[in-house]
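Peer 1: Got a structure for you, coords28.cif, holding mmCIF, C-alpha atoms.
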data_target
#
loop_
_atom_site.group_PDB
_atom_site.id
_atom_site.type_symbol
_atom_site.label_atom_id
_atom_site.label_comp_id
_atom_site.auth_asym_id
_atom_site.auth_seq_id
_atom_site.Cartn_x
_atom_site.Cartn_y
_atom_site.Cartn_z
ATOM 1 C CA MET X 17 -22.203 -32.329 -48.597
ATOM 2 C CA GLU X 18 -20.908 -35.876 -48.344
ATOM 3 C CA SER X 19 -18.731 -36.658 -45.350
ATOM 4 C CA PHE X 20 -15.509 -38.649 -45.695
ATOM 5 C CA GLY X 21 -13.400 -40.388 -43.054
ATOM 6 C CA HIS X 22 -9.825 -39.413 -42.239
ATOM 7 C CA ASN X 23 -7.181 -40.214 -44.859
ATOM 8 C CA THR X 24 -9.788 -41.112 -47.489
ATOM 9 C CA PHE X 25 -8.376 -40.865 -51.010
ATOM 10 C CA PHE X 26 -10.465 -39.311 -53.762
ATOM 11 C CA THR X 27 -10.422 -40.140 -57.437
ATOM 12 C CA LEU X 28 -9.176 -37.297 -59.621
ATOM 13 C CA GLU X 29 -12.741 -36.476 -60.589
ATOM 14 C CA GLN X 30 -13.852 -36.356 -56.945
ATOM 15 C CA ALA X 31 -10.842 -34.189 -56.040
ATOM 16 C CA ARG X 32 -11.664 -31.755 -58.839
ATOM 17 C CA GLU X 33 -15.310 -31.610 -57.759
ATOM 18 C CA GLU X 34 -14.287 -30.966 -54.142
ATOM 19 C CA ALA X 35 -11.819 -28.274 -55.254
ATOM 20 C CA ALA X 36 -14.526 -26.574 -57.358
ATOM 21 C CA ARG X 37 -17.016 -26.752 -54.477
ATOM 22 C CA ARG X 38 -14.492 -25.290 -52.037
ATOM 23 C CA HIS X 39 -13.510 -22.592 -54.562
ATOM 24 C CA LEU X 40 -17.140 -21.502 -54.871
ATOM 25 C CA GLU X 41 -17.489 -21.468 -51.084
ATOM 26 C CA CYS X 42 -14.333 -19.327 -50.768
ATOM 27 C CA ARG X 43 -15.600 -16.919 -53.434
ATOM 28 C CA GLN X 44 -18.858 -16.448 -51.540
ATOM 29 C CA VAL X 45 -17.143 -15.884 -48.194
ATOM 30 C CA LEU X 46 -14.469 -13.567 -49.620
ATOM 31 C CA SER X 47 -16.969 -11.497 -51.625
ATOM 32 C CA ARG X 48 -18.857 -10.732 -48.389
ATOM 33 C CA ILE X 49 -15.633 -9.648 -46.682
ATOM 34 C CA ARG X 50 -14.265 -7.678 -49.637
ATOM 35 C CA SER X 51 -17.400 -5.551 -49.729
ATOM 36 C CA ARG X 52 -16.456 -4.264 -46.238
ATOM 37 C CA SER X 53 -12.661 -4.373 -46.243
ATOM 38 C CA SER X 54 -9.725 -3.999 -48.607
ATOM 39 C CA VAL X 55 -7.376 -6.083 -46.459
ATOM 40 C CA PRO X 56 -5.666 -8.729 -48.624
ATOM 41 C CA LEU X 57 -6.831 -12.194 -47.549
ATOM 42 C CA TYR X 58 -5.109 -15.351 -48.738
ATOM 43 C CA VAL X 59 -6.880 -18.692 -48.517
ATOM 44 C CA SER X 60 -4.529 -20.857 -46.488
ATOM 45 C CA HIS X 61 -3.944 -24.001 -44.464
ATOM 46 C CA GLY X 62 -6.194 -26.960 -45.292
ATOM 47 C CA THR X 63 -8.596 -24.783 -47.264
ATOM 48 C CA ALA X 64 -5.768 -23.902 -49.665
ATOM 49 C CA LEU X 65 -4.864 -27.578 -50.050
ATOM 50 C CA GLU X 66 -8.455 -28.294 -51.018
ATOM 51 C CA LEU X 67 -8.325 -25.473 -53.601
ATOM 52 C CA HIS X 68 -5.095 -26.922 -54.975
ATOM 53 C CA GLY X 69 -6.838 -30.293 -55.438
ATOM 54 C CA MET X 70 -5.622 -32.276 -52.418
ATOM 55 C CA ILE X 71 -6.820 -35.804 -53.071
ATOM 56 C CA ALA X 72 -7.103 -37.108 -49.503
ATOM 57 C CA THR X 73 -8.901 -36.010 -46.377
ATOM 58 C CA MET X 74 -6.724 -35.037 -43.420
ATOM 59 C CA ASN X 75 -7.021 -36.136 -39.810
ATOM 60 C CA TYR X 76 -7.040 -32.690 -38.225
ATOM 61 C CA LEU X 77 -6.432 -32.392 -34.515
ATOM 62 C CA PRO X 78 -9.318 -31.172 -32.313
ATOM 63 C CA GLY X 79 -9.979 -27.458 -32.550
ATOM 64 C CA TYR X 80 -8.667 -26.934 -36.091
ATOM 65 C CA GLY X 81 -12.058 -26.308 -37.714
ATOM 66 C CA SER X 82 -11.805 -27.987 -41.117
ATOM 67 C CA GLU X 83 -15.303 -26.756 -41.987
ATOM 68 C CA LEU X 84 -14.102 -23.127 -41.793
ATOM 69 C CA VAL X 85 -12.495 -21.107 -44.565
ATOM 70 C CA HIS X 86 -8.942 -20.518 -43.347
ATOM 71 C CA VAL X 87 -7.247 -17.313 -44.488
ATOM 72 C CA SER X 88 -3.894 -15.724 -43.754
ATOM 73 C CA VAL X 89 -3.174 -12.028 -43.370
ATOM 74 C CA CYS X 90 0.217 -10.335 -43.413
ATOM 75 C CA ARG X 91 -0.401 -7.932 -40.520
ATOM 76 C CA GLN X 92 -1.498 -8.846 -37.007
ATOM 77 C CA ARG X 93 -3.839 -5.882 -36.871
ATOM 78 C CA ASP X 94 -5.820 -7.452 -39.752
ATOM 79 C CA LEU X 95 -6.769 -10.537 -37.731
ATOM 80 C CA ARG X 96 -10.541 -10.792 -37.336
ATOM 81 C CA LYS X 97 -13.166 -13.080 -35.851
ATOM 82 C CA ILE X 98 -15.783 -13.716 -38.495
ATOM 83 C CA GLN X 99 -18.283 -16.548 -38.457
ATOM 84 C CA GLY X 100 -17.348 -19.316 -40.880
ATOM 85 C CA MET X 101 -13.730 -18.158 -41.140
ATOM 86 C CA LYS X 102 -10.476 -18.639 -39.271
ATOM 87 C CA PHE X 103 -7.835 -15.921 -39.594
ATOM 88 C CA HIS X 104 -4.122 -16.668 -39.238
ATOM 89 C CA TYR X 105 -1.198 -14.270 -39.084
ATOM 90 C CA ALA X 106 1.453 -15.061 -41.713
ATOM 91 C CA ARG X 107 4.398 -13.433 -39.962
ATOM 92 C CA HIS X 108 6.827 -14.463 -42.693
ATOM 93 C CA GLY X 109 4.598 -13.461 -45.617
ATOM 94 C CA VAL X 110 2.788 -15.576 -48.160
ATOM 95 C CA ASP X 111 3.659 -17.272 -51.437
ATOM 96 C CA VAL X 112 0.678 -16.050 -53.457
ATOM 97 C CA VAL X 113 -1.166 -18.134 -56.034
ATOM 98 C CA HIS X 114 -4.145 -16.523 -57.798
ATOM 99 C CA ALA X 115 -7.125 -18.777 -58.480
ATOM 100 C CA ASP X 116 -9.166 -15.943 -60.006
ATOM 101 C CA GLU X 117 -9.793 -12.204 -59.573
ATOM 102 C CA LEU X 118 -11.315 -12.710 -56.121
ATOM 103 C CA VAL X 119 -9.588 -15.763 -54.653
ATOM 104 C CA SER X 120 -5.876 -15.811 -53.912
ATOM 105 C CA SER X 121 -4.251 -18.487 -51.831
ATOM 106 C CA VAL X 122 -0.914 -19.507 -50.427
ATOM 107 C CA SER X 123 1.105 -22.000 -52.441
ATOM 108 C CA ALA X 124 0.500 -25.704 -51.873
ATOM 109 C CA MET X 125 3.968 -26.053 -50.296
ATOM 110 C CA GLN X 126 3.241 -23.235 -47.843
ATOM 111 C CA ALA X 127 -0.196 -24.696 -47.073
ATOM 112 C CA VAL X 128 1.332 -28.073 -46.167
ATOM 113 C CA CYS X 129 3.739 -26.291 -43.839
ATOM 114 C CA GLN X 130 0.813 -24.405 -42.307
ATOM 115 C CA ILE X 131 -1.183 -27.549 -41.523
ATOM 116 C CA ALA X 132 1.746 -29.382 -39.893
ATOM 117 C CA PRO X 133 0.770 -28.411 -36.323
ATOM 118 C CA TYR X 134 -2.889 -29.276 -36.958
ATOM 119 C CA VAL X 135 -2.695 -32.810 -38.391
ATOM 120 C CA ASP X 136 -1.419 -36.168 -37.250
ATOM 121 C CA GLU X 137 1.842 -37.540 -38.622
ATOM 122 C CA ARG X 138 0.187 -39.883 -41.116
ATOM 123 C CA SER X 139 -1.917 -37.091 -42.631
ATOM 124 C CA LEU X 140 1.138 -34.874 -42.960
ATOM 125 C CA VAL X 141 3.052 -37.611 -44.783
ATOM 126 C CA ILE X 142 0.064 -38.162 -47.098
ATOM 127 C CA ALA X 143 -0.081 -34.436 -47.880
ATOM 128 C CA MET X 144 3.669 -34.322 -48.540
ATOM 129 C CA ASP X 145 3.409 -37.394 -50.776
ATOM 130 C CA TRP X 146 0.577 -35.714 -52.691
ATOM 131 C CA LEU X 147 2.818 -32.695 -53.385
ATOM 132 C CA THR X 148 5.668 -34.880 -54.628
ATOM 133 C CA CYS X 149 3.780 -37.763 -56.229
ATOM 134 C CA ALA X 150 5.044 -39.736 -59.217
ATOM 135 C CA ASN X 151 2.134 -38.718 -61.465
ATOM 136 C CA PRO X 152 3.408 -35.717 -63.471
ATOM 137 C CA ASP X 153 -0.141 -34.386 -63.907
ATOM 138 C CA LEU X 154 -0.593 -34.144 -60.137
ATOM 139 C CA ARG X 155 2.924 -33.372 -58.921
ATOM 140 C CA VAL X 156 3.262 -29.913 -57.412
ATOM 141 C CA CYS X 157 6.985 -30.190 -56.687
ATOM 142 C CA THR X 158 9.763 -32.720 -56.337
ATOM 143 C CA HIS X 159 10.876 -34.149 -53.008
ATOM 144 C CA ASP X 160 14.066 -32.077 -53.272
ATOM 145 C CA GLU X 161 12.109 -28.876 -53.975
ATOM 146 C CA LEU X 162 9.863 -29.501 -50.969
ATOM 147 C CA SER X 163 12.879 -30.285 -48.811
ATOM 148 C CA ASP X 164 14.622 -27.082 -49.949
ATOM 149 C CA TYR X 165 11.445 -25.065 -49.323
ATOM 150 C CA ILE X 166 11.115 -26.380 -45.772
ATOM 151 C CA ARG X 167 14.797 -25.879 -44.978
ATOM 152 C CA SER X 168 14.867 -22.333 -46.384
ATOM 153 C CA ALA X 169 11.656 -21.232 -44.647
ATOM 154 C CA PRO X 170 12.045 -19.260 -41.442
ATOM 155 C CA ARG X 171 11.361 -21.425 -38.399
ATOM 156 C CA PHE X 172 7.639 -22.035 -38.047
ATOM 157 C CA ILE X 173 5.396 -24.042 -35.777
ATOM 158 C CA GLY X 174 5.494 -27.522 -37.234
ATOM 159 C CA SER X 175 8.887 -27.238 -38.958
ATOM 160 C CA ALA X 176 10.322 -30.100 -36.888
ATOM 161 C CA LYS X 177 7.314 -32.227 -37.824
ATOM 162 C CA MET X 178 7.850 -31.364 -41.496
ATOM 163 C CA GLN X 179 11.530 -32.358 -41.273
ATOM 164 C CA LYS X 180 10.488 -35.641 -39.715
ATOM 165 C CA GLY X 181 7.932 -36.165 -42.501
ATOM 166 C CA LEU X 182 10.701 -35.820 -45.082
ATOM 167 C CA ALA X 183 12.876 -38.432 -43.387
ATOM 168 C CA PRO X 184 13.139 -42.024 -44.674
ATOM 169 C CA VAL X 185 11.838 -43.286 -41.323
ATOM 170 C CA GLN X 186 8.350 -42.402 -42.572
ATOM 171 C CA THR X 187 8.425 -45.422 -44.880
ATOM 172 C CA ARG X 188 6.145 -47.250 -42.453
ATOM 173 C CA TYR X 189 3.405 -44.950 -43.819
ATOM 174 C CA ARG X 190 4.650 -44.782 -47.378
ATOM 175 C CA PHE X 191 5.358 -48.484 -47.907
ATOM 176 C CA PRO X 192 3.239 -50.408 -45.413
ATOM 177 C CA ALA X 193 2.604 -53.446 -47.599
ATOM 178 C CA GLY X 194 6.256 -53.927 -48.532
ATOM 179 C CA ASN X 195 5.450 -53.621 -52.237
ATOM 180 C CA GLY X 196 7.317 -50.375 -52.851
ATOM 181 C CA ALA X 197 4.385 -47.969 -52.748
ATOM 182 C CA SER X 198 1.866 -46.800 -50.178
ATOM 183 C CA PHE X 199 -1.825 -47.020 -50.962
ATOM 184 C CA GLY X 200 -1.852 -43.274 -51.597
ATOM 185 C CA GLU X 201 1.096 -43.422 -53.955
ATOM 186 C CA ARG X 202 -0.477 -46.332 -55.873
ATOM 187 C CA CYS X 203 -3.678 -44.233 -56.249
ATOM 188 C CA LEU X 204 -1.663 -41.274 -57.485
ATOM 189 C CA ARG X 205 0.236 -43.358 -60.033
ATOM 190 C CA ALA X 206 -2.955 -44.920 -61.346
ATOM 191 C CA ALA X 207 -4.698 -41.572 -61.812
#
Could you rewrite the structure in this file as structure tokens?
Peer 2:
Amino acid sequence: MESFGHNTFFTLEQAREEAARRHLECRQVLSRIRSRSSVPLYVSHGTALELHGMIATMNYLPGYGSELVHVSVCRQRDLRKIQGMKFHYARHGVDVVHADELVSSVSAMQAVCQIAPYVDERSLVIAMDWLTCANPDLRVCTHDELSDYIRSAPRFIGSAKMQKGLAPVQTRYRFPAGNGASFGERCLRAA
């Protein structure tokens, strides 16, 4: 597998290839688990963003484990330690999106909220911009929908960081060249 630096933007084709590769990896991991357990597992965090077609790499903080398949469970007693996976407890439930009969994930908006404590500020802004981009083929939600989602969600680790990421002060990341669009936003518009 090719390695990319932090905050590297992919072309649409590269993003689709990465999403397909990650989907296959998740299918393999989940099929092994499902043969031993009926506990519902939902691909989550950065892994879910990759499944949803996230077009930039994130600068995860040490200890996150971006090479792992991250999954969320709805009950604490279902947390496990399994090689190649990282389990998270989704105390407030999950917004389920079905990729296929085997792979279900959290929504892209929930996944961005989940990664907030694990990424730097710039990566979080890039992920939020990806969700709300100007390209209608890529846009997951509008800025207002994301804002409403964050405000209506029960308090979670990273909610303050998400609020800050929504604020206009983040324009130093979004519009660094003074030309009205960040590099990421220009890539998204061109796609």
Peer 1: Residues of region 77-124 of chain X within 10 Å of region 39-45 of chain X: nearest atom pair and distance (Å, one decimal) for each, counting all atoms listed in the file, sorted by chain and number, as CSV?
Peer 2:
residue,atom,partner,partner_atom,distance
X:Leu84,CA,X:Cys42,CA,9.7
X:Val85,CA,X:Cys42,CA,6.7
X:His86,CA,X:Cys42,CA,9.2
X:Val87,CA,X:Cys42,CA,9.7
X:Gln99,CA,X:Val45,CA,9.8
X:Gly100,CA,X:Val45,CA,8.1
X:Met101,CA,X:Val45,CA,8.2
X:Ala115,CA,X:His39,CA,8.4
X:Asp116,CA,X:Arg43,CA,9.2
X:Glu117,CA,X:Arg43,CA,9.7
X:Leu118,CA,X:Arg43,CA,6.6
X:Val119,CA,X:Arg43,CA,6.2
X:Ser120,CA,X:Cys42,CA,9.7
Peer 1: Evaluate the PyMOL selection byres ((chain X and resi 124) around 10) on the structure here and hand back the selected residues as number ranges by chain.
Peer 2: X: 60-62, 64-70, 111-113, 121-123, 125-130, 143-144, 147, 156-157
Peer 1: Please provide the set of residues having any atom within 9 Å of Tyr80 (chain X), restricted to all atoms listed in the file, with same-chain residues fewer than 3 positions apart removed, written as a list in words.
Peer 2: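 These residues fall inside the cut-off: Tyr76, Leu77, Glu83, Leu84, Tyr134 and Val135 of chain X.
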Peer 1: Tell me, in Å to one decimal, how far CA of Leu182 (chain X) is from CA of Glu33 (chain X).
Peer 2: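 We find that CA of Leu182 (chain X) and CA of Glu33 (chain X) lie 29.2 Å from each other.
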Peer 1: Which of these residues is nearest to Ile98 (chain X), using only C-alpha atoms: X:Ala132, X:Leu46, X:Leu28, X:Cys149?
Peer 2: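 Of the candidates, the smallest distance to Ile98 (chain X) is held by X:Leu46.
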Peer 1: Between X:Arg167, X:His108, X:Lys102, X:Lys177, single out the one closest to Glu137 (chain X), counting only C-alpha atoms.
Peer 2: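 Ranking X:Arg167, X:His108, X:Lys102, X:Lys177 by distance to Glu137 (chain X), first place goes to X:Lys177.
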Peer 1: Taking all atoms listed in the file into account, which of X:Arg155, X:Arg171, X:Arg138, X:Arg91 comes nearest Ala106 (chain X)?
Peer 2: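 Using all atoms listed in the file, the shortest distance to Ala106 (chain X) belongs to X:Arg91.
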Peer 1: Which residue is closest to His159 (chain X)? Choose from X:Val59, X:Val141, X:Cys90, X:Ala36 and count only C-alpha atoms.
Peer 2: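 Nearest candidate to His159 (chain X) out of X:Val59, X:Val141, X:Cys90, X:Ala36: X:Val141.
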Peer 1: I'd like the interatomic distance between CA of Leu57 (chain X) and CA of Arg107 (chain X), to a tenth of an Å.
Peer 2: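 Separation between CA of Leu57 (chain X) and CA of Arg107 (chain X): 13.6 Å.
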Peer 1: Have a look at CA of Arg52 (chain X) and CA of Glu34 (chain X) and let me know their distance in Å, one decimal.
Peer 2: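 Result for CA of Arg52 (chain X) versus CA of Glu34 (chain X): 27.9 Å, one decimal.
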Peer 1: For the structure shown, which residues end up in the PyMOL selection byres ((chain X and resi 56) around 9)? Put them as a ChimeraX atom specification, please?
Peer 2: /X:50,53-55,57-58,88-90,94,120
